[in-house]
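File shown: target_21.tsv. Contents: TSV, N, CA and C atoms.
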chain	number	residue	atom	x	y	z
A	1	MET	N	-21.97	-13.63	11.90
A	1	MET	CA	-21.29	-12.39	11.66
A	1	MET	C	-21.34	-12.00	10.19
A	2	LYS	N	-21.32	-12.97	9.28
A	2	LYS	CA	-21.44	-12.62	7.87
A	2	LYS	C	-22.51	-13.49	7.24
A	3	ARG	N	-23.15	-12.91	6.24
A	3	ARG	CA	-24.16	-13.64	5.49
A	3	ARG	C	-23.82	-13.51	4.01
A	4	GLY	N	-23.99	-14.61	3.27
A	4	GLY	CA	-23.70	-14.59	1.84
A	4	GLY	C	-24.97	-14.54	1.02
A	5	PHE	N	-24.88	-13.88	-0.09
A	5	PHE	CA	-26.01	-13.76	-0.99
A	5	PHE	C	-25.57	-14.14	-2.40
A	6	CYS	N	-26.38	-14.94	-3.08
A	6	CYS	CA	-26.13	-15.30	-4.48
A	6	CYS	C	-26.98	-14.40	-5.36
A	7	GLN	N	-26.66	-14.36	-6.60
A	7	GLN	CA	-27.45	-13.61	-7.55
A	7	GLN	C	-28.51	-14.54	-8.14
A	8	GLN	N	-29.66	-14.56	-7.47
A	8	GLN	CA	-30.74	-15.42	-7.98
A	8	GLN	C	-32.07	-14.71	-7.80
A	9	ARG	N	-33.05	-15.15	-8.62
A	9	ARG	CA	-34.39	-14.59	-8.58
A	9	ARG	C	-35.16	-15.22	-7.43
A	10	GLU	N	-35.88	-14.39	-6.65
A	10	GLU	CA	-36.61	-14.91	-5.50
A	10	GLU	C	-37.83	-15.75	-5.90
A	11	ILE	N	-38.46	-15.42	-7.01
A	11	ILE	CA	-39.70	-16.09	-7.40
A	11	ILE	C	-39.46	-17.58	-7.67
A	12	ASP	N	-38.51	-17.89	-8.52
A	12	ASP	CA	-38.29	-19.28	-8.89
A	12	ASP	C	-36.88	-19.78	-8.54
A	13	ASN	N	-36.11	-18.96	-7.79
A	13	ASN	CA	-34.75	-19.31	-7.36
A	13	ASN	C	-33.80	-19.56	-8.54
A	14	TYR	N	-34.07	-18.91	-9.67
A	14	TYR	CA	-33.19	-19.03	-10.82
A	14	TYR	C	-31.85	-18.38	-10.47
A	15	LEU	N	-30.75	-19.12	-10.60
A	15	LEU	CA	-29.42	-18.63	-10.27
A	15	LEU	C	-28.84	-17.93	-11.50
A	16	TYR	N	-28.63	-16.61	-11.38
A	16	TYR	CA	-28.07	-15.85	-12.49
A	16	TYR	C	-26.62	-16.24	-12.74
A	17	THR	N	-25.86	-16.31	-11.70
A	17	THR	CA	-24.46	-16.67	-11.84
A	17	THR	C	-23.96	-17.24	-10.51
A	18	ASN	N	-23.01	-18.14	-10.63
A	18	ASN	CA	-22.37	-18.64	-9.42
A	18	ASN	C	-20.90	-18.23	-9.40
A	19	ASN	N	-20.56	-17.24	-10.23
A	19	ASN	CA	-19.18	-16.77	-10.31
A	19	ASN	C	-18.79	-15.89	-9.12
A	20	PHE	N	-19.77	-15.29	-8.47
A	20	PHE	CA	-19.45	-14.48	-7.30
A	20	PHE	C	-20.65	-14.45	-6.36
A	21	ASN	N	-20.36	-14.17	-5.12
A	21	ASN	CA	-21.38	-14.01	-4.09
A	21	ASN	C	-21.14	-12.69	-3.39
A	22	LEU	N	-22.18	-12.13	-2.85
A	22	LEU	CA	-22.07	-10.92	-2.06
A	22	LEU	C	-22.16	-11.32	-0.59
A	23	TYR	N	-21.27	-10.76	0.22
A	23	TYR	CA	-21.28	-11.04	1.64
A	23	TYR	C	-21.48	-9.75	2.41
A	24	VAL	N	-22.31	-9.82	3.41
A	24	VAL	CA	-22.56	-8.69	4.29
A	24	VAL	C	-21.94	-9.01	5.64
A	25	ILE	N	-21.07	-8.14	6.09
A	25	ILE	CA	-20.43	-8.32	7.39
A	25	ILE	C	-21.19	-7.47	8.40
A	26	GLU	N	-21.67	-8.09	9.43
A	26	GLU	CA	-22.40	-7.37	10.47
A	26	GLU	C	-21.41	-6.89	11.52
A	27	LEU	N	-21.04	-5.62	11.41
A	27	LEU	CA	-20.00	-5.07	12.26
A	27	LEU	C	-20.40	-5.05	13.74
A	28	ASN	N	-21.68	-5.00	14.00
A	28	ASN	CA	-22.14	-4.96	15.40
A	28	ASN	C	-22.16	-6.34	16.05
A	29	HIS	N	-21.86	-7.37	15.29
A	29	HIS	CA	-21.92	-8.73	15.83
A	29	HIS	C	-20.58	-9.46	15.72
A	30	THR	N	-19.49	-8.74	15.92
A	30	THR	CA	-18.18	-9.39	15.85
A	30	THR	C	-17.96	-10.35	17.01
A	31	ASP	N	-18.77	-10.20	18.05
A	31	ASP	CA	-18.64	-11.09	19.21
A	31	ASP	C	-19.09	-12.51	18.90
A	32	ILE	N	-19.83	-12.71	17.82
A	32	ILE	CA	-20.28	-14.06	17.45
A	32	ILE	C	-19.49	-14.62	16.27
A	33	ALA	N	-18.32	-14.06	16.04
A	33	ALA	CA	-17.48	-14.53	14.93
A	33	ALA	C	-17.09	-15.99	15.16
A	34	THR	N	-17.15	-16.76	14.08
A	34	THR	CA	-16.77	-18.17	14.16
A	34	THR	C	-15.28	-18.31	13.91
A	35	GLU	N	-14.77	-19.51	14.15
A	35	GLU	CA	-13.36	-19.78	13.87
A	35	GLU	C	-13.08	-19.63	12.38
A	36	GLN	N	-14.06	-20.00	11.55
A	36	GLN	CA	-13.91	-19.86	10.10
A	36	GLN	C	-13.81	-18.38	9.72
A	37	ASP	N	-14.62	-17.52	10.38
A	37	ASP	CA	-14.54	-16.08	10.13
A	37	ASP	C	-13.15	-15.56	10.47
A	38	LYS	N	-12.60	-16.05	11.58
A	38	LYS	CA	-11.26	-15.60	11.98
A	38	LYS	C	-10.20	-16.15	11.04
A	39	ALA	N	-10.35	-17.40	10.61
A	39	ALA	CA	-9.37	-18.00	9.70
A	39	ALA	C	-9.38	-17.30	8.34
A	40	ASN	N	-10.55	-16.86	7.90
A	40	ASN	CA	-10.68	-16.18	6.60
A	40	ASN	C	-10.46	-14.67	6.72
A	41	HIS	N	-10.07	-14.20	7.88
A	41	HIS	CA	-9.76	-12.80	8.15
A	41	HIS	C	-10.98	-11.88	8.05
A	42	VAL	N	-12.18	-12.44	8.05
A	42	VAL	CA	-13.38	-11.61	8.04
A	42	VAL	C	-13.46	-10.82	9.34
A	43	TYR	N	-13.09	-11.46	10.43
A	43	TYR	CA	-13.08	-10.81	11.74
A	43	TYR	C	-12.12	-9.62	11.75
A	44	ASP	N	-10.95	-9.79	11.13
A	44	ASP	CA	-9.97	-8.70	11.07
A	44	ASP	C	-10.50	-7.51	10.28
A	45	TRP	N	-11.18	-7.80	9.17
A	45	TRP	CA	-11.75	-6.72	8.36
A	45	TRP	C	-12.84	-5.99	9.15
A	46	ALA	N	-13.65	-6.74	9.88
A	46	ALA	CA	-14.68	-6.11	10.70
A	46	ALA	C	-14.05	-5.22	11.77
A	47	ARG	N	-12.98	-5.69	12.39
A	47	ARG	CA	-12.27	-4.88	13.39
A	47	ARG	C	-11.72	-3.60	12.75
A	48	LEU	N	-11.22	-3.73	11.51
A	48	LEU	CA	-10.68	-2.56	10.82
A	48	LEU	C	-11.76	-1.50	10.65
A	49	PHE	N	-12.94	-1.90	10.19
A	49	PHE	CA	-13.99	-0.92	9.93
A	49	PHE	C	-14.66	-0.41	11.20
A	50	LYS	N	-14.48	-1.13	12.31
A	50	LYS	CA	-15.01	-0.67	13.59
A	50	LYS	C	-14.01	0.17	14.37
A	51	ALA	N	-12.78	0.24	13.94
A	51	ALA	CA	-11.72	0.94	14.68
A	51	ALA	C	-12.09	2.40	14.89
A	52	GLN	N	-11.72	2.91	16.06
A	52	GLN	CA	-12.06	4.29	16.43
A	52	GLN	C	-10.90	5.27	16.25
A	53	THR	N	-9.66	4.76	16.31
A	53	THR	CA	-8.50	5.65	16.23
A	53	THR	C	-7.54	5.14	15.16
A	54	TRP	N	-6.66	6.06	14.70
A	54	TRP	CA	-5.68	5.69	13.68
A	54	TRP	C	-4.65	4.72	14.26
A	55	GLU	N	-4.36	4.85	15.55
A	55	GLU	CA	-3.42	3.92	16.19
A	55	GLU	C	-3.98	2.50	16.16
A	56	GLU	N	-5.27	2.38	16.42
A	56	GLU	CA	-5.93	1.07	16.39
A	56	GLU	C	-5.88	0.51	14.97
A	57	ILE	N	-6.13	1.35	13.99
A	57	ILE	CA	-6.08	0.91	12.59
A	57	ILE	C	-4.67	0.45	12.23
A	58	ARG	N	-3.65	1.21	12.65
A	58	ARG	CA	-2.27	0.81	12.35
A	58	ARG	C	-1.93	-0.54	12.96
A	59	MET	N	-2.39	-0.78	14.18
A	59	MET	CA	-2.10	-2.06	14.83
A	59	MET	C	-2.79	-3.21	14.10
A	60	ILE	N	-4.01	-3.00	13.64
A	60	ILE	CA	-4.76	-4.05	12.95
A	60	ILE	C	-4.13	-4.36	11.60
A	61	THR	N	-3.63	-3.32	10.90
A	61	THR	CA	-3.16	-3.49	9.52
A	61	THR	C	-1.66	-3.72	9.40
A	62	LYS	N	-0.92	-3.75	10.49
A	62	LYS	CA	0.54	-3.76	10.40
A	62	LYS	C	1.12	-4.96	9.65
A	63	ASP	N	0.46	-6.11	9.65
A	63	ASP	CA	1.01	-7.30	9.01
A	63	ASP	C	0.26	-7.70	7.74
A	64	ASN	N	-0.63	-6.83	7.25
A	64	ASN	CA	-1.44	-7.19	6.10
A	64	ASN	C	-1.43	-6.05	5.08
A	65	PRO	N	-0.72	-6.23	3.95
A	65	PRO	CA	-0.62	-5.16	2.95
A	65	PRO	C	-1.97	-4.74	2.37
A	66	SER	N	-2.89	-5.69	2.19
A	66	SER	CA	-4.21	-5.35	1.65
A	66	SER	C	-4.97	-4.44	2.61
A	67	MET	N	-4.89	-4.80	3.88
A	67	MET	CA	-5.57	-3.98	4.89
A	67	MET	C	-4.89	-2.61	5.01
A	68	SER	N	-3.58	-2.58	4.89
A	68	SER	CA	-2.86	-1.31	4.96
A	68	SER	C	-3.29	-0.39	3.82
A	69	SER	N	-3.45	-0.97	2.64
A	69	SER	CA	-3.90	-0.20	1.49
A	69	SER	C	-5.31	0.34	1.72
A	70	ALA	N	-6.18	-0.50	2.27
A	70	ALA	CA	-7.55	-0.06	2.57
A	70	ALA	C	-7.54	1.04	3.62
A	71	ALA	N	-6.71	0.89	4.64
A	71	ALA	CA	-6.62	1.91	5.69
A	71	ALA	C	-6.12	3.23	5.12
A	72	GLU	N	-5.15	3.16	4.20
A	72	GLU	CA	-4.65	4.38	3.57
A	72	GLU	C	-5.74	5.05	2.76
A	73	SER	N	-6.54	4.25	2.06
A	73	SER	CA	-7.66	4.81	1.29
A	73	SER	C	-8.68	5.47	2.21
A	74	ILE	N	-8.95	4.83	3.34
A	74	ILE	CA	-9.88	5.42	4.31
A	74	ILE	C	-9.32	6.75	4.80
A	75	TYR	N	-8.03	6.74	5.13
A	75	TYR	CA	-7.40	7.96	5.63
A	75	TYR	C	-7.49	9.08	4.59
A	76	LEU	N	-7.15	8.75	3.35
A	76	LEU	CA	-7.16	9.77	2.30
A	76	LEU	C	-8.56	10.31	2.05
A	77	SER	N	-9.57	9.46	2.15
A	77	SER	CA	-10.93	9.93	1.90
A	77	SER	C	-11.45	10.77	3.06
A	78	ASN	N	-10.88	10.61	4.24
A	78	ASN	CA	-11.34	11.36	5.42
A	78	ASN	C	-10.46	12.55	5.76
A	79	ALA	N	-9.32	12.66	5.14
A	79	ALA	CA	-8.35	13.70	5.50
A	79	ALA	C	-8.80	15.06	4.99
A	80	ASP	N	-8.50	16.06	5.76
A	80	ASP	CA	-8.72	17.44	5.35
A	80	ASP	C	-7.73	17.75	4.22
A	81	MET	N	-8.21	18.35	3.16
A	81	MET	CA	-7.36	18.57	1.99
A	81	MET	C	-6.16	19.46	2.29
A	82	SER	N	-6.32	20.47	3.11
A	82	SER	CA	-5.17	21.34	3.40
A	82	SER	C	-4.11	20.58	4.20
A	83	ILE	N	-4.53	19.75	5.12
A	83	ILE	CA	-3.58	18.94	5.88
A	83	ILE	C	-2.93	17.92	4.96
A	84	LEU	N	-3.72	17.34	4.07
A	84	LEU	CA	-3.18	16.39	3.11
A	84	LEU	C	-2.13	17.04	2.22
A	85	GLU	N	-2.38	18.26	1.77
A	85	GLU	CA	-1.41	18.98	0.95
A	85	GLU	C	-0.14	19.27	1.74
A	86	GLN	N	-0.29	19.62	3.02
A	86	GLN	CA	0.88	19.86	3.85
A	86	GLN	C	1.70	18.59	4.01
A	87	CYS	N	1.02	17.46	4.21
A	87	CYS	CA	1.72	16.18	4.35
A	87	CYS	C	2.46	15.83	3.07
A	88	ARG	N	1.81	16.03	1.93
A	88	ARG	CA	2.47	15.74	0.66
A	88	ARG	C	3.67	16.66	0.44
A	89	ALA	N	3.51	17.94	0.78
A	89	ALA	CA	4.61	18.88	0.63
A	89	ALA	C	5.78	18.47	1.52
A	90	ARG	N	5.49	18.04	2.73
A	90	ARG	CA	6.55	17.59	3.64
A	90	ARG	C	7.24	16.35	3.08
A	91	GLU	N	6.46	15.38	2.59
A	91	GLU	CA	7.05	14.18	2.01
A	91	GLU	C	7.92	14.53	0.81
A	92	ASP	N	7.44	15.47	-0.03
A	92	ASP	CA	8.23	15.90	-1.19
A	92	ASP	C	9.52	16.58	-0.74
A	93	ALA	N	9.43	17.42	0.30
A	93	ALA	CA	10.62	18.11	0.79
A	93	ALA	C	11.63	17.12	1.35
A	94	ILE	N	11.16	16.12	2.07
A	94	ILE	CA	12.06	15.11	2.62
A	94	ILE	C	12.72	14.34	1.48
A	95	ALA	N	11.93	13.94	0.49
A	95	ALA	CA	12.49	13.20	-0.64
A	95	ALA	C	13.51	14.06	-1.40
A	96	HIS	N	13.21	15.36	-1.55
A	96	HIS	CA	14.13	16.26	-2.25
A	96	HIS	C	15.43	16.42	-1.45
A	97	GLU	N	15.31	16.51	-0.14
A	97	GLU	CA	16.50	16.64	0.70
A	97	GLU	C	17.37	15.39	0.60
A	98	VAL	N	16.75	14.23	0.61
A	98	VAL	CA	17.51	12.98	0.46
A	98	VAL	C	18.21	12.97	-0.90
A	99	TYR	N	17.49	13.37	-1.95
A	99	TYR	CA	18.07	13.43	-3.29
A	99	TYR	C	19.26	14.38	-3.32
A	100	GLN	N	19.10	15.56	-2.70
A	100	GLN	CA	20.20	16.54	-2.69
A	100	GLN	C	21.41	15.99	-1.95
A	101	LYS	N	21.20	15.33	-0.82
A	101	LYS	CA	22.32	14.76	-0.06
A	101	LYS	C	23.05	13.71	-0.89
A	102	GLU	N	22.28	12.86	-1.60
A	102	GLU	CA	22.91	11.86	-2.45
A	102	GLU	C	23.68	12.52	-3.58
A	103	LEU	N	23.10	13.55	-4.17
A	103	LEU	CA	23.76	14.26	-5.26
A	103	LEU	C	25.05	14.93	-4.77
A	104	ILE	N	25.00	15.54	-3.60
A	104	ILE	CA	26.19	16.18	-3.03
A	104	ILE	C	27.27	15.14	-2.77
A	105	ALA	N	26.88	13.99	-2.23
A	105	ALA	CA	27.86	12.93	-1.97
A	105	ALA	C	28.49	12.45	-3.28
A	106	ASP	N	27.68	12.28	-4.31
A	106	ASP	CA	28.21	11.86	-5.62
A	106	ASP	C	29.16	12.91	-6.19
A	107	LEU	N	28.78	14.18	-6.09
A	107	LEU	CA	29.63	15.25	-6.61
A	107	LEU	C	30.94	15.35	-5.83
A	108	LYS	N	30.88	15.15	-4.51
A	108	LYS	CA	32.11	15.16	-3.71
A	108	LYS	C	33.03	14.03	-4.15
A	109	GLN	N	32.47	12.88	-4.42
A	109	GLN	CA	33.25	11.73	-4.88
A	109	GLN	C	33.90	12.04	-6.23
A	110	GLU	N	33.13	12.61	-7.15
A	110	GLU	CA	33.67	12.96	-8.46
A	110	GLU	C	34.77	14.02	-8.33
A	111	LEU	N	34.55	15.00	-7.45
A	111	LEU	CA	35.56	16.03	-7.24
A	111	LEU	C	36.83	15.44	-6.66
A	112	SER	N	36.69	14.53	-5.73
A	112	SER	CA	37.85	13.87	-5.14
A	112	SER	C	38.64	13.11	-6.21
A	113	GLU	N	37.93	12.39	-7.08
A	113	GLU	CA	38.59	11.65	-8.15
A	113	GLU	C	39.27	12.60	-9.13
A	114	ALA	N	38.60	13.72	-9.44
A	114	ALA	CA	39.18	14.69	-10.38
A	114	ALA	C	40.43	15.33	-9.76
A	115	ASN	N	40.38	15.64	-8.47
A	115	ASN	CA	41.56	16.21	-7.80
A	115	ASN	C	42.71	15.21	-7.79
A	116	LYS	N	42.40	13.95	-7.61
A	116	LYS	CA	43.44	12.91	-7.63
A	116	LYS	C	44.09	12.84	-9.02
A	117	GLN	N	43.26	12.86	-10.05
A	117	GLN	CA	43.78	12.83	-11.42
A	117	GLN	C	44.61	14.09	-11.70
A	118	LEU	N	44.17	15.23	-11.19
A	118	LEU	CA	44.90	16.48	-11.38
A	118	LEU	C	46.27	16.42	-10.69
A	119	ASP	N	46.28	15.87	-9.47
A	119	ASP	CA	47.55	15.73	-8.75
A	119	ASP	C	48.51	14.83	-9.52
A	120	GLU	N	47.97	13.71	-10.05
A	120	GLU	CA	48.81	12.80	-10.84
A	120	GLU	C	49.35	13.50	-12.08
A	121	ALA	N	48.49	14.29	-12.74
A	121	ALA	CA	48.91	15.01	-13.93
A	121	ALA	C	49.98	16.05	-13.58
A	122	ASN	N	49.81	16.74	-12.47
A	122	ASN	CA	50.81	17.74	-12.03
A	122	ASN	C	52.13	17.07	-11.72
A	123	GLU	N	52.10	15.89	-11.10
A	123	GLU	CA	53.33	15.14	-10.83
A	123	GLU	C	54.03	14.76	-12.13
A	124	THR	N	53.25	14.30	-13.10
A	124	THR	CA	53.80	13.92	-14.40
A	124	THR	C	54.43	15.13	-15.08
A	125	ILE	N	53.74	16.27	-15.02
A	125	ILE	CA	54.27	17.50	-15.63
A	125	ILE	C	55.58	17.90	-14.95
A	126	ALA	N	55.60	17.82	-13.62
A	126	ALA	CA	56.82	18.19	-12.88
A	126	ALA	C	57.98	17.27	-13.26
A	127	GLU	N	57.71	15.98	-13.38
A	127	GLU	CA	58.76	15.03	-13.77
A	127	GLU	C	59.27	15.34	-15.18
A	128	LEU	N	58.35	15.61	-16.10
A	128	LEU	CA	58.74	15.91	-17.47
A	128	LEU	C	59.53	17.22	-17.55
A	129	GLN	N	59.12	18.23	-16.76
A	129	GLN	CA	59.86	19.48	-16.75
A	129	GLN	C	61.28	19.26	-16.20
A	130	LYS	N	61.38	18.42	-15.17
A	130	LYS	CA	62.69	18.11	-14.59
A	130	LYS	C	63.57	17.42	-15.63
A	131	LYS	N	63.01	16.44	-16.34
A	131	LYS	CA	63.78	15.74	-17.38
A	131	LYS	C	64.18	16.69	-18.50
A	132	LEU	N	63.25	17.61	-18.84
A	132	LEU	CA	63.54	18.59	-19.89
A	132	LEU	C	64.71	19.49	-19.47
A	133	LYS	N	64.72	19.93	-18.25
A	133	LYS	CA	65.82	20.76	-17.76
A	133	LYS	C	67.14	19.99	-17.76
A	134	GLU	N	67.07	18.72	-17.37
A	134	GLU	CA	68.29	17.87	-17.39
A	134	GLU	C	68.81	17.72	-18.80
A	135	LEU	N	67.91	17.49	-19.74
A	135	LEU	CA	68.33	17.36	-21.15
A	135	LEU	C	68.91	18.66	-21.68
A	136	GLU	N	68.27	19.78	-21.34
A	136	GLU	CA	68.78	21.07	-21.80
A	136	GLU	C	70.16	21.36	-21.17
A	137	ALA	N	70.31	20.99	-19.89
A	137	ALA	CA	71.59	21.21	-19.20
A	137	ALA	C	72.65	20.29	-19.80
A	138	GLY	N	72.32	19.11	-20.22
A	138	GLY	CA	73.27	18.18	-20.81
A	138	GLY	C	73.69	18.60	-22.21
A	139	LYS	N	72.88	19.32	-22.93
A	139	LYS	CA	73.21	19.80	-24.27
A	139	LYS	C	74.16	20.98	-24.22
A	140	GLN	N	74.19	21.72	-23.17
A	140	GLN	CA	75.03	22.92	-23.11
A	140	GLN	C	76.38	22.57	-22.67
Could you express the structure from this file as structure tokens?
Amino acid sequence: MKRGFCQQREIDNYLYTNNFNLYVIELNHTDIATEQDKANHVYDWARLFKAQTWEEIRMITKDNPSMSSAAESIYLSNADMSILEQCRAREDAIAHEVYQKELIADLKQELSEANKQLDEANETIAELQKKLKELEAGKQ
């Protein structure tokens, strides 16, 4: 299912580097995948690139963040730009709505606290006015 290639000269087999190898995955031969291919997730990557529908891609990538990122890149490169702009606008609108709801909740909380402080201040003023009237009545 996969073949590896080193960077070496064919004439004398001089190895340029052993720091990396190139691997070719034969997508048409996933039926001959070895246990090692499955253990190294090569089979999963082949399934990802052979997938026919977005639902199939989502099922393949659901537990693998690297594959999810690759699937998102595939989607973005294949998406119609006007649809992509609509999706982004919708995501922005949803995020803005969530922000507004949080902001409203925070402002309601602040208003409630301010009203409580105002009520306490009004009570204090009423008590002081009552004491002032008592003192004025006691002086006369």
For this session: Measure the distance from atom C of A:Lys108 to atom N of A:Arg90 in Å and round it to one decimal.
Result: 28.7 Å
Could you find all residues in stretch 2-140 of chain A that DSSP calls strand (DSSP E) from the backbone, and write them as a PDB file with N, CA and C atoms, keeping the file's coordinate frame?
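This went into states.pdb:
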ATOM      1  N   LYS A   2     -21.320 -12.970   9.280  1.00  0.00           N
ATOM      2  CA  LYS A   2     -21.440 -12.620   7.870  1.00  0.00           C
ATOM      3  C   LYS A   2     -22.510 -13.490   7.240  1.00  0.00           C
ATOM      4  N   ARG A   3     -23.150 -12.910   6.240  1.00  0.00           N
ATOM      5  CA  ARG A   3     -24.160 -13.640   5.490  1.00  0.00           C
ATOM      6  C   ARG A   3     -23.820 -13.510   4.010  1.00  0.00           C
ATOM      7  N   GLY A   4     -23.990 -14.610   3.270  1.00  0.00           N
ATOM      8  CA  GLY A   4     -23.700 -14.590   1.840  1.00  0.00           C
ATOM      9  C   GLY A   4     -24.970 -14.540   1.020  1.00  0.00           C
ATOM     10  N   PHE A   5     -24.880 -13.880  -0.090  1.00  0.00           N
ATOM     11  CA  PHE A   5     -26.010 -13.760  -0.990  1.00  0.00           C
ATOM     12  C   PHE A   5     -25.570 -14.140  -2.400  1.00  0.00           C
ATOM     13  N   CYS A   6     -26.380 -14.940  -3.080  1.00  0.00           N
ATOM     14  CA  CYS A   6     -26.130 -15.300  -4.480  1.00  0.00           C
ATOM     15  C   CYS A   6     -26.980 -14.400  -5.360  1.00  0.00           C
ATOM     16  N   GLN A   7     -26.660 -14.360  -6.600  1.00  0.00           N
ATOM     17  CA  GLN A   7     -27.450 -13.610  -7.550  1.00  0.00           C
ATOM     18  C   GLN A   7     -28.510 -14.540  -8.140  1.00  0.00           C
ATOM     19  N   GLN A   8     -29.660 -14.560  -7.470  1.00  0.00           N
ATOM     20  CA  GLN A   8     -30.740 -15.420  -7.980  1.00  0.00           C
ATOM     21  C   GLN A   8     -32.070 -14.710  -7.800  1.00  0.00           C
ATOM     22  N   LEU A  15     -30.750 -19.120 -10.600  1.00  0.00           N
ATOM     23  CA  LEU A  15     -29.420 -18.630 -10.270  1.00  0.00           C
ATOM     24  C   LEU A  15     -28.840 -17.930 -11.500  1.00  0.00           C
ATOM     25  N   TYR A  16     -28.630 -16.610 -11.380  1.00  0.00           N
ATOM     26  CA  TYR A  16     -28.070 -15.850 -12.490  1.00  0.00           C
ATOM     27  C   TYR A  16     -26.620 -16.240 -12.740  1.00  0.00           C
ATOM     28  N   THR A  17     -25.860 -16.310 -11.700  1.00  0.00           N
ATOM     29  CA  THR A  17     -24.460 -16.670 -11.840  1.00  0.00           C
ATOM     30  C   THR A  17     -23.960 -17.240 -10.510  1.00  0.00           C
ATOM     31  N   ASN A  18     -23.010 -18.140 -10.630  1.00  0.00           N
ATOM     32  CA  ASN A  18     -22.370 -18.640  -9.420  1.00  0.00           C
ATOM     33  C   ASN A  18     -20.900 -18.230  -9.400  1.00  0.00           C
ATOM     34  N   ASN A  19     -20.560 -17.240 -10.230  1.00  0.00           N
ATOM     35  CA  ASN A  19     -19.180 -16.770 -10.310  1.00  0.00           C
ATOM     36  C   ASN A  19     -18.790 -15.890  -9.120  1.00  0.00           C
ATOM     37  N   PHE A  20     -19.770 -15.290  -8.470  1.00  0.00           N
ATOM     38  CA  PHE A  20     -19.450 -14.480  -7.300  1.00  0.00           C
ATOM     39  C   PHE A  20     -20.650 -14.450  -6.360  1.00  0.00           C
ATOM     40  N   ASN A  21     -20.360 -14.170  -5.120  1.00  0.00           N
ATOM     41  CA  ASN A  21     -21.380 -14.010  -4.090  1.00  0.00           C
ATOM     42  C   ASN A  21     -21.140 -12.690  -3.390  1.00  0.00           C
ATOM     43  N   LEU A  22     -22.180 -12.130  -2.850  1.00  0.00           N
ATOM     44  CA  LEU A  22     -22.070 -10.920  -2.060  1.00  0.00           C
ATOM     45  C   LEU A  22     -22.160 -11.320  -0.590  1.00  0.00           C
ATOM     46  N   TYR A  23     -21.270 -10.760   0.220  1.00  0.00           N
ATOM     47  CA  TYR A  23     -21.280 -11.040   1.640  1.00  0.00           C
ATOM     48  C   TYR A  23     -21.480  -9.750   2.410  1.00  0.00           C
ATOM     49  N   VAL A  24     -22.310  -9.820   3.410  1.00  0.00           N
ATOM     50  CA  VAL A  24     -22.560  -8.690   4.290  1.00  0.00           C
ATOM     51  C   VAL A  24     -21.940  -9.010   5.640  1.00  0.00           C
ATOM     52  N   ILE A  25     -21.070  -8.140   6.090  1.00  0.00           N
ATOM     53  CA  ILE A  25     -20.430  -8.320   7.390  1.00  0.00           C
ATOM     54  C   ILE A  25     -21.190  -7.470   8.400  1.00  0.00           C
TER      55      ILE A  25
END
For this session: For A:Asn28, work out the shell of residues within 8 Å, counting all atoms listed in the file and skipping chain neighbours fewer than 3 positions away, then give it as a list in words.
Result: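 Here the qualifying residues turn out to be Met1, Ile25, Asp31, Ile32, Ala46 and Lys50 of chain A.
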For this session: Just give me the gap between atom N of A:Thr53 and atom CA of A:Ile74 in Å, one decimal is fine.
Result: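 Interatomic distance here is 12.0 Å.
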Exercise. What does the distance from atom C of A:Glu110 to atom C of A:His96 come to in Å, to one decimal?
Worked result: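 According to the coordinates, atom C of A:Glu110 and atom C of A:His96 are separated by 20.7 Å.
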For this session: Run DSSP on the backbone and give me the residues of stretch 4-140 of chain A it puts in helix (DSSP H, G or I), as JSON, numbers by chain.
Result: {"A": [27, 28, 29, 30, 31, 32, 35, 36, 37, 38, 39, 42, 43, 44, 45, 46, 47, 48, 49, 50, 54, 55, 56, 57, 58, 59, 60, 61, 65, 66, 67, 68, 69, 70, 71, 72, 73, 74, 75, 76, 77, 78, 81, 82, 83, 84, 85, 86, 87, 88, 89, 90, 91, 92, 93, 94, 95, 96, 97, 98, 99, 100, 101, 102, 103, 104, 105, 106, 107, 108, 109, 110, 111, 112, 113, 114, 115, 116, 117, 118, 119, 120, 121, 122, 123, 124, 125, 126, 127, 128, 129, 130, 131, 132, 133, 134, 135, 136, 137, 138, 139]}
Is it possible to get the axis-aligned box enclosing stretch 53-58 of chain A (all listed atoms, 5 Å extra per side) as AutoDock Vina command-line options, with centre and edge lengths in Å rounded to one decimal?
--center_x -5.8 --center_y 2.8 --center_z 14.3 --size_x 17.7 --size_y 16.6 --size_z 14.2
For this session: Find the residues around A:Trp45 up to 10 Å (only C-alpha atoms counted), leave out those fewer than 4 positions away in its own chain, and share them as JSON, numbers by chain.
Result: {"A": [25, 27, 37, 38, 40, 41, 49, 50, 51, 60, 61, 67, 70]}
